[in-house]
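Taking it in order: structure first as structure tokens, then the write-up.
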Amino acid sequence: MEWYAHCLGWLADHRATRGCTVVALGGGVIGDLAGFVAATYMRGVKLLGIPTTLLAQVDSSVGGKVGLDLPQGKNLVGAFHPAAEVRIAVDVLATLPERQWRNGMAEVWKYGFIGNASLVDTLFRAPSIPPADEWRPLVEVCVAQKAHVVEHDEFETTGLRATLNYGHTIGHAIEKLLGYEELLHGEAIAIGMVLEAVLGERLGVTAPGTSALVRRAMDHAGLPIWHPILNDCNRLVDAMRLDKKASADGLAFSLLTEVGHCKLVRGVGTDEVRAILGDH
Ligand SMILES: NC(=O)c1ccc[n+]([C@@H]2O[C@H](COP(=O)([O-])OP(=O)(O)OC[C@H]3O[C@@H](n4cnc5c(N)ncnc54)[C@H](O)[C@@H]3O)[C@@H](O)[C@H]2O)c1
Ligand SMILES: [Zn+2]
């Protein structure tokens with residue numbers, strides 16, 4: 001919030017007009033911040049995205065969601081403000097630290113789980129951090145999948161776009177309880193994807209055996225599948241009530257039906273969620 005105010009002040013100090021373009025050059029944090037500045041400065045100016053992390057290239061730079069976190073919850077302030085243009089150069093990923101690579105790979109695996117079973121097969125056969133000649137096709141396949149979903153449900157009204165949130169209902173709650181420190185976004189959603197597969201199996205939505213596969217995948221990817229914060233069931237469930245997909249009749253989850261397919265399931269009782277958190 002401080003940097004948001006700082007950036008707006010900077011633009012005003014430099015007499016930026018409505019015709020200016022804000023360039024978001026950096027990872028997802030910069031994309032969200034610069035994007036929200038672009039969405040709100042003078043009621044909106046042009047945004048150019050130049051994402052430099054794997055996570056930002058495959059996910060956050062596409063789809064027009066920009067925003068900020070509050071201490072009360074993740075992404076609670078924001079706007080839909082699609083970039084006029086997004087330029088992606090995979091070469092910049094050469095300097096990305098290993099942990100950030102794995103962080104981004106969590107979202108890549110997510111695309112496979114929710115909508116592309118052959119991507120899951122490919123990822124299992126590849127090293128956990130793919131060689132440079134595979135970066136471009138990998139980023140392309142993810143961007144195409146996200147763009148397809150966003151084109152069909154830009155403002156998240158039909159439930160389709162919300163399916164991109166697989167692993168995120170639990171993942172966001174974990175991030176919040178840890179104060180957005182200790183675990184990276186992709187690490188928290190890795191844990192979330194495993195647990196939401198367990199939840200789906202418990203609810204009879206997800207094919208049996210799927211959660212074991214997701215767990216193996218996260219092991220292969222070098223991502224976490226558990227954290228001591230999971231013992232804090234009540235506070236986690238409380239945090240999930242603030243999830244944007246939740247409604248008066250319960251929590252909502254993007255659940256796999258099987259690898260490569262998913263659907264949004266509403267009205268999930270908090271007891272069901274507590275039960276799977278307590279089990280692990
Ligand atoms: N708006 C959306 O649709 C959306 C979607 C997913 C995630 N997000 C948000 O994105 C954020 C995470 O983004 P992130 O994972 O990119 O993290 P990040 O922006 O914090 O970047 C990670 C680190 O990598 C460094 N870095 C960036 N590019 C680099 C490069 N090419 N080489 C070396 N270092 C580099 C950054 O300085 C930073 O230290 C979270 O806040 C998440 O909520 C937003
Ligand atoms: Zn995410």
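Order determines the names: the first chain of the structure tokens is A, the second B, and so forth; residues in each chain are numbered 1 upward, and ligands are numbered 1 upward as they are shown.
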
Where in segment 48-87 of chain A does DSSP assign strand (DSSP E), given as a list of chain:residue names?
->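 DSSP-assigned strand (DSSP E) residues in segment 48-87 of chain A: A:Leu48, A:Gly49, A:Ile50, A:Pro51, A:Lys65, A:Val66, A:Gly67, A:Leu68, A:Asp69, A:Leu70, A:Gly73, A:Lys74, A:Asn75, A:Leu76, A:Val77, A:Gly78, A:Ala79, A:Phe80, A:Glu85, A:Val86.
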
Skipping near chain neighbours, those fewer than 2 positions away, what residues fall within 12 Å of Phe113 of chain A using only C-alpha atoms, listed as a PyMOL selection string?
-> chain A and resi 106-111+115-123+142+145+163-167+190+193-194+196-197+206+210-211+213-215+217-218+254-263

Write the selection just made, keeping C-alpha atoms, as a short mmCIF file (atom, residue, chain, number, x, y, z; two decimals), in the first residue's frame?
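What landed in again05.cif:
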data_model
loop_
_atom_site.label_atom_id
_atom_site.label_comp_id
_atom_site.auth_asym_id
_atom_site.auth_seq_id
_atom_site.Cartn_x
_atom_site.Cartn_y
_atom_site.Cartn_z
CA ALA A 106 3.83 -24.87 -9.33
CA GLU A 107 1.55 -22.82 -11.62
CA VAL A 108 2.78 -24.75 -14.68
CA TRP A 109 1.81 -28.04 -13.01
CA LYS A 110 -1.52 -26.44 -12.08
CA TYR A 111 -2.33 -25.84 -15.75
CA GLY A 115 -6.79 -28.79 -18.14
CA ASN A 116 -3.88 -30.52 -19.85
CA ALA A 117 -3.11 -34.13 -18.88
CA SER A 118 -0.41 -34.45 -21.54
CA LEU A 119 1.44 -31.51 -19.97
CA VAL A 120 1.47 -33.47 -16.69
CA ASP A 121 3.04 -36.46 -18.52
CA THR A 122 5.63 -34.18 -20.11
CA LEU A 123 6.52 -32.58 -16.77
CA CYS A 142 0.48 -22.03 -20.30
CA GLN A 145 -4.47 -22.02 -21.71
CA THR A 163 -11.20 -22.98 -11.87
CA LEU A 164 -7.72 -21.46 -12.33
CA ASN A 165 -7.80 -21.21 -8.55
CA TYR A 166 -7.09 -24.93 -8.03
CA GLY A 167 -4.94 -25.22 -4.89
CA ALA A 190 1.68 -26.75 -4.06
CA MET A 193 -3.12 -28.58 -4.65
CA VAL A 194 -2.27 -31.74 -2.72
CA GLU A 196 -7.58 -29.94 -2.42
CA ALA A 197 -7.08 -33.23 -4.29
CA THR A 206 -12.01 -36.36 -7.60
CA THR A 210 -5.42 -38.44 -7.91
CA SER A 211 -4.11 -36.93 -4.69
CA LEU A 213 -0.33 -38.45 -8.13
CA VAL A 214 -0.42 -34.74 -7.24
CA ARG A 215 1.77 -35.46 -4.21
CA ALA A 217 4.25 -34.49 -8.87
CA MET A 218 5.06 -31.91 -6.20
CA SER A 254 -11.76 -25.65 -7.93
CA LEU A 255 -11.54 -29.43 -7.66
CA LEU A 256 -10.06 -31.93 -10.08
CA THR A 257 -12.45 -34.54 -11.39
CA GLU A 258 -9.40 -36.35 -12.75
CA VAL A 259 -5.98 -35.24 -13.96
CA GLY A 260 -6.58 -32.77 -16.80
CA HIS A 261 -10.15 -31.87 -15.79
CA CYS A 262 -11.66 -29.77 -13.03
CA LYS A 263 -14.83 -28.04 -11.93
#

Please, which residues have at least one atom within 8 Å of an atom of ligand 2, using only C-alpha atoms and all ligand atoms, listed as a list of chain:residue names?
->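 The residues within 8 Å of ligand 2, counting only C-alpha atoms and all ligand atoms, are A:Leu55, A:Asp59, A:Ser60, A:Glu107, A:Asn165, A:His168, A:His185, A:Gly186, A:Ile189.
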
Store the residues picked out above, limited to C-alpha atoms, as a PDB file, in the first residue's frame.
ATOM      1  CA  LEU A  55       5.307 -17.217 -12.461  1.00  0.00           C
ATOM      2  CA  ASP A  59       0.231 -16.569 -14.992  1.00  0.00           C
ATOM      3  CA  SER A  60       0.057 -13.146 -13.429  1.00  0.00           C
ATOM      4  CA  GLU A 107       1.550 -22.819 -11.623  1.00  0.00           C
ATOM      5  CA  ASN A 165      -7.800 -21.209  -8.548  1.00  0.00           C
ATOM      6  CA  HIS A 168      -5.459 -21.540  -4.134  1.00  0.00           C
ATOM      7  CA  HIS A 185       3.047 -18.218  -3.553  1.00  0.00           C
ATOM      8  CA  GLY A 186       3.847 -21.327  -5.635  1.00  0.00           C
ATOM      9  CA  ILE A 189      -0.347 -23.537  -3.674  1.00  0.00           C
TER      10      ILE A 189
END

Taking only C-alpha atoms and all ligand atoms into account, report as an MDAnalysis selection string which residues have an atom no farther than 8 Å from an atom of ligand 1.
-> chainID A and resid 26:32 51:56 59:69 74:75 92:97 100 103:104 184:186

Could the residues in this selection be saved with C-alpha atoms as a PDB file, in the first residue's frame?
ATOM      1  CA  GLY A  26       9.466  -7.464 -13.064  1.00  0.00           C
ATOM      2  CA  GLY A  27       7.812 -10.398 -11.332  1.00  0.00           C
ATOM      3  CA  GLY A  28       4.223 -10.840 -10.195  1.00  0.00           C
ATOM      4  CA  VAL A  29       4.572  -8.410  -7.304  1.00  0.00           C
ATOM      5  CA  ILE A  30       5.658  -5.622  -9.648  1.00  0.00           C
ATOM      6  CA  GLY A  31       2.983  -6.647 -12.154  1.00  0.00           C
ATOM      7  CA  ASP A  32       0.240  -6.392  -9.542  1.00  0.00           C
ATOM      8  CA  PRO A  51       7.100 -10.158 -16.896  1.00  0.00           C
ATOM      9  CA  THR A  52      10.514 -11.420 -15.784  1.00  0.00           C
ATOM     10  CA  THR A  53       9.746 -14.389 -13.529  1.00  0.00           C
ATOM     11  CA  LEU A  54       8.356 -17.738 -14.674  1.00  0.00           C
ATOM     12  CA  LEU A  55       5.307 -17.217 -12.461  1.00  0.00           C
ATOM     13  CA  ALA A  56       4.598 -13.817 -13.971  1.00  0.00           C
ATOM     14  CA  ASP A  59       0.231 -16.569 -14.992  1.00  0.00           C
ATOM     15  CA  SER A  60       0.057 -13.146 -13.429  1.00  0.00           C
ATOM     16  CA  SER A  61       0.866 -11.051 -16.533  1.00  0.00           C
ATOM     17  CA  VAL A  62      -2.052 -12.608 -18.435  1.00  0.00           C
ATOM     18  CA  GLY A  63      -5.701 -11.921 -17.739  1.00  0.00           C
ATOM     19  CA  GLY A  64      -5.885  -8.366 -16.466  1.00  0.00           C
ATOM     20  CA  LYS A  65      -6.149  -8.965 -12.723  1.00  0.00           C
ATOM     21  CA  VAL A  66      -4.124  -6.434 -10.780  1.00  0.00           C
ATOM     22  CA  GLY A  67      -4.208  -5.740  -7.089  1.00  0.00           C
ATOM     23  CA  LEU A  68      -2.761  -5.582  -3.629  1.00  0.00           C
ATOM     24  CA  ASP A  69      -2.930  -7.667  -0.470  1.00  0.00           C
ATOM     25  CA  LYS A  74      -4.778 -11.748  -0.140  1.00  0.00           C
ATOM     26  CA  ASN A  75      -5.810  -9.762  -3.227  1.00  0.00           C
ATOM     27  CA  VAL A  92      15.438 -13.359 -18.799  1.00  0.00           C
ATOM     28  CA  LEU A  93      14.626 -16.549 -16.878  1.00  0.00           C
ATOM     29  CA  ALA A  94      18.321 -17.534 -17.104  1.00  0.00           C
ATOM     30  CA  THR A  95      19.064 -15.421 -14.021  1.00  0.00           C
ATOM     31  CA  LEU A  96      16.047 -16.579 -12.017  1.00  0.00           C
ATOM     32  CA  PRO A  97      17.109 -18.271  -8.749  1.00  0.00           C
ATOM     33  CA  GLN A 100      11.847 -18.916  -7.947  1.00  0.00           C
ATOM     34  CA  ASN A 103       7.757 -21.395  -7.471  1.00  0.00           C
ATOM     35  CA  GLY A 104       6.690 -20.740 -11.062  1.00  0.00           C
ATOM     36  CA  LEU A 184       6.410 -18.310  -1.751  1.00  0.00           C
ATOM     37  CA  HIS A 185       3.047 -18.218  -3.553  1.00  0.00           C
ATOM     38  CA  GLY A 186       3.847 -21.327  -5.635  1.00  0.00           C
TER      39      GLY A 186
END

Quick one: distance from atom CA of Pro127 of chain A to atom CA of Glu175 of chain A in Å, one decimal?
->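 Taking atom CA of Pro127 of chain A and atom CA of Glu175 of chain A, their separation equals 27.1 Å.
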
One residue among A:Ala188, A:Tyr4, A:Leu264, A:Val90 is nearest to Thr158 of chain A when using only C-alpha atoms, and that residue is A:Leu264

Of the candidates A:Asp232, A:Glu98, A:Glu2, A:Asp91, which shows the shortest atom-to-atom distance to Trp135 of chain A, using only C-alpha atoms?
->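 The closest residue to Trp135 of chain A is A:Asp91.
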
For Ala221 of chain A, which residue out of A:Val143, A:Val237, A:Ile129, A:Val58 is the nearest one, using only C-alpha atoms?
->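 Of A:Val143, A:Val237, A:Ile129, A:Val58, the one nearest Ala221 of chain A, counting only C-alpha atoms, is A:Ile129.
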
Using only C-alpha atoms, pick whichever of A:Ala83, A:Ala173, A:Val45, A:Met105 has the shortest atom-to-atom distance to Phe124 of chain A.
->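 The closest residue to Phe124 of chain A is A:Met105.
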
Hey, which of A:Val150, A:Ala248, A:Phe253, A:His220 ends up closest to Ala126 of chain A? Count only C-alpha atoms.
->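 Ranking A:Val150, A:Ala248, A:Phe253, A:His220 by distance to Ala126 of chain A, first place goes to A:His220.
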
Can you tell me, as a PDB file with N, CA and C atoms, in the first residue's frame, what residues are no more than 12 Å from Met42 of chain A when counting only C-alpha atoms, ignoring any on the same chain fewer than 6 positions away?
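Result file is selection-v1.pdb:
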ATOM      1  N   LEU A   8       1.913   6.477  -7.224  1.00  0.00           N
ATOM      2  CA  LEU A   8       0.927   7.465  -7.688  1.00  0.00           C
ATOM      3  C   LEU A   8       1.492   8.877  -7.514  1.00  0.00           C
ATOM      4  N   GLY A   9       2.103   9.122  -6.351  1.00  0.00           N
ATOM      5  CA  GLY A   9       2.692  10.431  -6.074  1.00  0.00           C
ATOM      6  C   GLY A   9       3.790  10.757  -7.071  1.00  0.00           C
ATOM      7  N   LEU A  11       4.091   9.632 -10.150  1.00  0.00           N
ATOM      8  CA  LEU A  11       3.494   9.963 -11.457  1.00  0.00           C
ATOM      9  C   LEU A  11       2.984  11.408 -11.460  1.00  0.00           C
ATOM     10  N   ALA A  12       2.299  11.773 -10.365  1.00  0.00           N
ATOM     11  CA  ALA A  12       1.754  13.134 -10.291  1.00  0.00           C
ATOM     12  C   ALA A  12       2.880  14.159 -10.264  1.00  0.00           C
ATOM     13  N   ARG A  15       4.131  14.932 -13.506  1.00  0.00           N
ATOM     14  CA  ARG A  15       3.095  15.435 -14.434  1.00  0.00           C
ATOM     15  C   ARG A  15       2.690  14.404 -15.479  1.00  0.00           C
ATOM     16  N   ALA A  16       2.632  13.153 -15.086  1.00  0.00           N
ATOM     17  CA  ALA A  16       2.183  12.125 -16.041  1.00  0.00           C
ATOM     18  C   ALA A  16       0.721  12.398 -16.402  1.00  0.00           C
ATOM     19  N   THR A  17       0.414  12.311 -17.660  1.00  0.00           N
ATOM     20  CA  THR A  17      -0.949  12.595 -18.112  1.00  0.00           C
ATOM     21  C   THR A  17      -1.693  11.293 -18.386  1.00  0.00           C
ATOM     22  N   ARG A  18      -2.956  11.416 -18.771  1.00  0.00           N
ATOM     23  CA  ARG A  18      -3.758  10.246 -19.110  1.00  0.00           C
ATOM     24  C   ARG A  18      -3.195   9.440 -20.276  1.00  0.00           C
ATOM     25  N   GLY A  19      -2.372  10.112 -21.062  1.00  0.00           N
ATOM     26  CA  GLY A  19      -1.808   9.435 -22.241  1.00  0.00           C
ATOM     27  C   GLY A  19      -0.552   8.630 -21.918  1.00  0.00           C
ATOM     28  N   CYS A  20      -0.142   8.611 -20.650  1.00  0.00           N
ATOM     29  CA  CYS A  20       1.099   7.903 -20.316  1.00  0.00           C
ATOM     30  C   CYS A  20       0.881   6.392 -20.305  1.00  0.00           C
ATOM     31  N   THR A  21       1.988   5.657 -20.352  1.00  0.00           N
ATOM     32  CA  THR A  21       1.927   4.191 -20.245  1.00  0.00           C
ATOM     33  C   THR A  21       2.769   3.769 -19.055  1.00  0.00           C
ATOM     34  N   PHE A  36      -1.988  -2.092 -10.820  1.00  0.00           N
ATOM     35  CA  PHE A  36      -3.028  -1.399 -10.046  1.00  0.00           C
ATOM     36  C   PHE A  36      -2.821   0.122 -10.095  1.00  0.00           C
TER      37      PHE A  36
END

Shell of 8 Å around Met240 of chain A, only C-alpha atoms, local chain residues under 4 positions omitted, as a list in words |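 Here the answer would be Thr169, Ile170, His172, Ala173, Leu236, Ala246 and Leu251 of chain A.
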
Just-selected residues, N, CA and C atoms written as an mmCIF file, in the first residue's frame:
data_model
loop_
_atom_site.group_PDB
_atom_site.id
_atom_site.type_symbol
_atom_site.label_atom_id
_atom_site.label_comp_id
_atom_site.auth_asym_id
_atom_site.auth_seq_id
_atom_site.Cartn_x
_atom_site.Cartn_y
_atom_site.Cartn_z
ATOM 1 N N THR A 169 -7.486 -21.920 -2.758
ATOM 2 C CA THR A 169 -8.320 -21.614 -1.586
ATOM 3 C C THR A 169 -7.507 -21.916 -0.328
ATOM 4 N N ILE A 170 -6.908 -23.100 -0.314
ATOM 5 C CA ILE A 170 -6.072 -23.472 0.837
ATOM 6 C C ILE A 170 -4.729 -22.732 0.775
ATOM 7 N N HIS A 172 -3.892 -19.771 -0.481
ATOM 8 C CA HIS A 172 -3.983 -18.377 -0.036
ATOM 9 C C HIS A 172 -4.131 -18.283 1.487
ATOM 10 N N ALA A 173 -4.903 -19.217 2.073
ATOM 11 C CA ALA A 173 -5.084 -19.191 3.532
ATOM 12 C C ALA A 173 -3.737 -19.438 4.229
ATOM 13 N N LEU A 236 -7.028 -21.504 9.675
ATOM 14 C CA LEU A 236 -6.980 -21.667 8.213
ATOM 15 C C LEU A 236 -8.385 -21.577 7.617
ATOM 16 N N ALA A 246 -15.921 -17.785 -1.852
ATOM 17 C CA ALA A 246 -16.817 -18.255 -0.783
ATOM 18 C C ALA A 246 -18.148 -17.493 -0.830
ATOM 19 N N LEU A 251 -17.769 -22.735 1.499
ATOM 20 C CA LEU A 251 -16.543 -22.424 0.759
ATOM 21 C C LEU A 251 -16.658 -22.983 -0.660
#

Among segment 100-178 of chain A, which residues carry a DSSP assignment of helix (DSSP H, G or I), reported as an MDAnalysis selection string?
-> chainID A and resid 100:115 117:125 132:152 161:165 168:177

Save the residues we just selected, C-alpha atoms, as a PDB file, in the first residue's frame?
ATOM      1  CA  GLN A 100      11.847 -18.916  -7.947  1.00  0.00           C
ATOM      2  CA  TRP A 101      11.921 -21.429 -10.794  1.00  0.00           C
ATOM      3  CA  ARG A 102      10.211 -24.059  -8.642  1.00  0.00           C
ATOM      4  CA  ASN A 103       7.757 -21.395  -7.471  1.00  0.00           C
ATOM      5  CA  GLY A 104       6.690 -20.740 -11.062  1.00  0.00           C
ATOM      6  CA  MET A 105       6.621 -24.437 -11.919  1.00  0.00           C
ATOM      7  CA  ALA A 106       3.832 -24.866  -9.332  1.00  0.00           C
ATOM      8  CA  GLU A 107       1.550 -22.819 -11.623  1.00  0.00           C
ATOM      9  CA  VAL A 108       2.777 -24.751 -14.675  1.00  0.00           C
ATOM     10  CA  TRP A 109       1.811 -28.044 -13.011  1.00  0.00           C
ATOM     11  CA  LYS A 110      -1.516 -26.440 -12.078  1.00  0.00           C
ATOM     12  CA  TYR A 111      -2.333 -25.838 -15.745  1.00  0.00           C
ATOM     13  CA  GLY A 112      -1.627 -29.501 -16.401  1.00  0.00           C
ATOM     14  CA  PHE A 113      -3.767 -30.746 -13.526  1.00  0.00           C
ATOM     15  CA  ILE A 114      -6.779 -28.587 -14.370  1.00  0.00           C
ATOM     16  CA  GLY A 115      -6.785 -28.793 -18.137  1.00  0.00           C
ATOM     17  CA  ALA A 117      -3.109 -34.131 -18.875  1.00  0.00           C
ATOM     18  CA  SER A 118      -0.413 -34.447 -21.537  1.00  0.00           C
ATOM     19  CA  LEU A 119       1.438 -31.509 -19.966  1.00  0.00           C
ATOM     20  CA  VAL A 120       1.473 -33.471 -16.692  1.00  0.00           C
ATOM     21  CA  ASP A 121       3.045 -36.456 -18.516  1.00  0.00           C
ATOM     22  CA  THR A 122       5.631 -34.176 -20.114  1.00  0.00           C
ATOM     23  CA  LEU A 123       6.520 -32.578 -16.772  1.00  0.00           C
ATOM     24  CA  PHE A 124       6.956 -35.962 -15.086  1.00  0.00           C
ATOM     25  CA  ARG A 125       9.425 -36.973 -17.825  1.00  0.00           C
ATOM     26  CA  ALA A 132      16.491 -23.633 -21.733  1.00  0.00           C
ATOM     27  CA  ASP A 133      15.280 -24.948 -25.094  1.00  0.00           C
ATOM     28  CA  GLU A 134      11.991 -26.013 -23.466  1.00  0.00           C
ATOM     29  CA  TRP A 135      11.199 -22.674 -21.812  1.00  0.00           C
ATOM     30  CA  ARG A 136       9.513 -21.069 -24.762  1.00  0.00           C
ATOM     31  CA  PRO A 137       7.078 -23.905 -25.634  1.00  0.00           C
ATOM     32  CA  LEU A 138       6.310 -24.355 -21.935  1.00  0.00           C
ATOM     33  CA  VAL A 139       5.465 -20.675 -21.429  1.00  0.00           C
ATOM     34  CA  GLU A 140       3.457 -20.657 -24.677  1.00  0.00           C
ATOM     35  CA  VAL A 141       1.280 -23.599 -23.689  1.00  0.00           C
ATOM     36  CA  CYS A 142       0.477 -22.032 -20.297  1.00  0.00           C
ATOM     37  CA  VAL A 143      -0.248 -18.566 -21.697  1.00  0.00           C
ATOM     38  CA  ALA A 144      -2.525 -20.083 -24.364  1.00  0.00           C
ATOM     39  CA  GLN A 145      -4.467 -22.023 -21.705  1.00  0.00           C
ATOM     40  CA  LYS A 146      -4.881 -19.025 -19.423  1.00  0.00           C
ATOM     41  CA  ALA A 147      -5.826 -16.732 -22.320  1.00  0.00           C
ATOM     42  CA  HIS A 148      -8.454 -19.237 -23.466  1.00  0.00           C
ATOM     43  CA  VAL A 149     -10.055 -19.359 -20.013  1.00  0.00           C
ATOM     44  CA  VAL A 150      -9.926 -15.577 -19.562  1.00  0.00           C
ATOM     45  CA  GLU A 151     -11.437 -14.969 -23.013  1.00  0.00           C
ATOM     46  CA  HIS A 152     -14.444 -17.056 -22.015  1.00  0.00           C
ATOM     47  CA  ARG A 161     -12.062 -18.476 -14.555  1.00  0.00           C
ATOM     48  CA  ALA A 162     -12.380 -19.487 -10.904  1.00  0.00           C
ATOM     49  CA  THR A 163     -11.195 -22.984 -11.869  1.00  0.00           C
ATOM     50  CA  LEU A 164      -7.722 -21.456 -12.329  1.00  0.00           C
ATOM     51  CA  ASN A 165      -7.800 -21.209  -8.548  1.00  0.00           C
ATOM     52  CA  HIS A 168      -5.459 -21.540  -4.134  1.00  0.00           C
ATOM     53  CA  THR A 169      -8.320 -21.614  -1.586  1.00  0.00           C
ATOM     54  CA  ILE A 170      -6.072 -23.472   0.837  1.00  0.00           C
ATOM     55  CA  GLY A 171      -2.850 -21.962  -0.564  1.00  0.00           C
ATOM     56  CA  HIS A 172      -3.983 -18.377  -0.036  1.00  0.00           C
ATOM     57  CA  ALA A 173      -5.084 -19.191   3.532  1.00  0.00           C
ATOM     58  CA  ILE A 174      -1.620 -20.640   4.238  1.00  0.00           C
ATOM     59  CA  GLU A 175       0.062 -17.537   2.780  1.00  0.00           C
ATOM     60  CA  LYS A 176      -2.118 -15.298   4.906  1.00  0.00           C
ATOM     61  CA  LEU A 177      -1.429 -17.145   8.152  1.00  0.00           C
TER      62      LEU A 177
END

Which value, in Å to one decimal, gives the distance between atom CA of Glu85 of chain A and atom CA of Trp10 of chain A?
->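 If I compute the distance from atom CA of Glu85 of chain A to atom CA of Trp10 of chain A, I get 22.9 Å.
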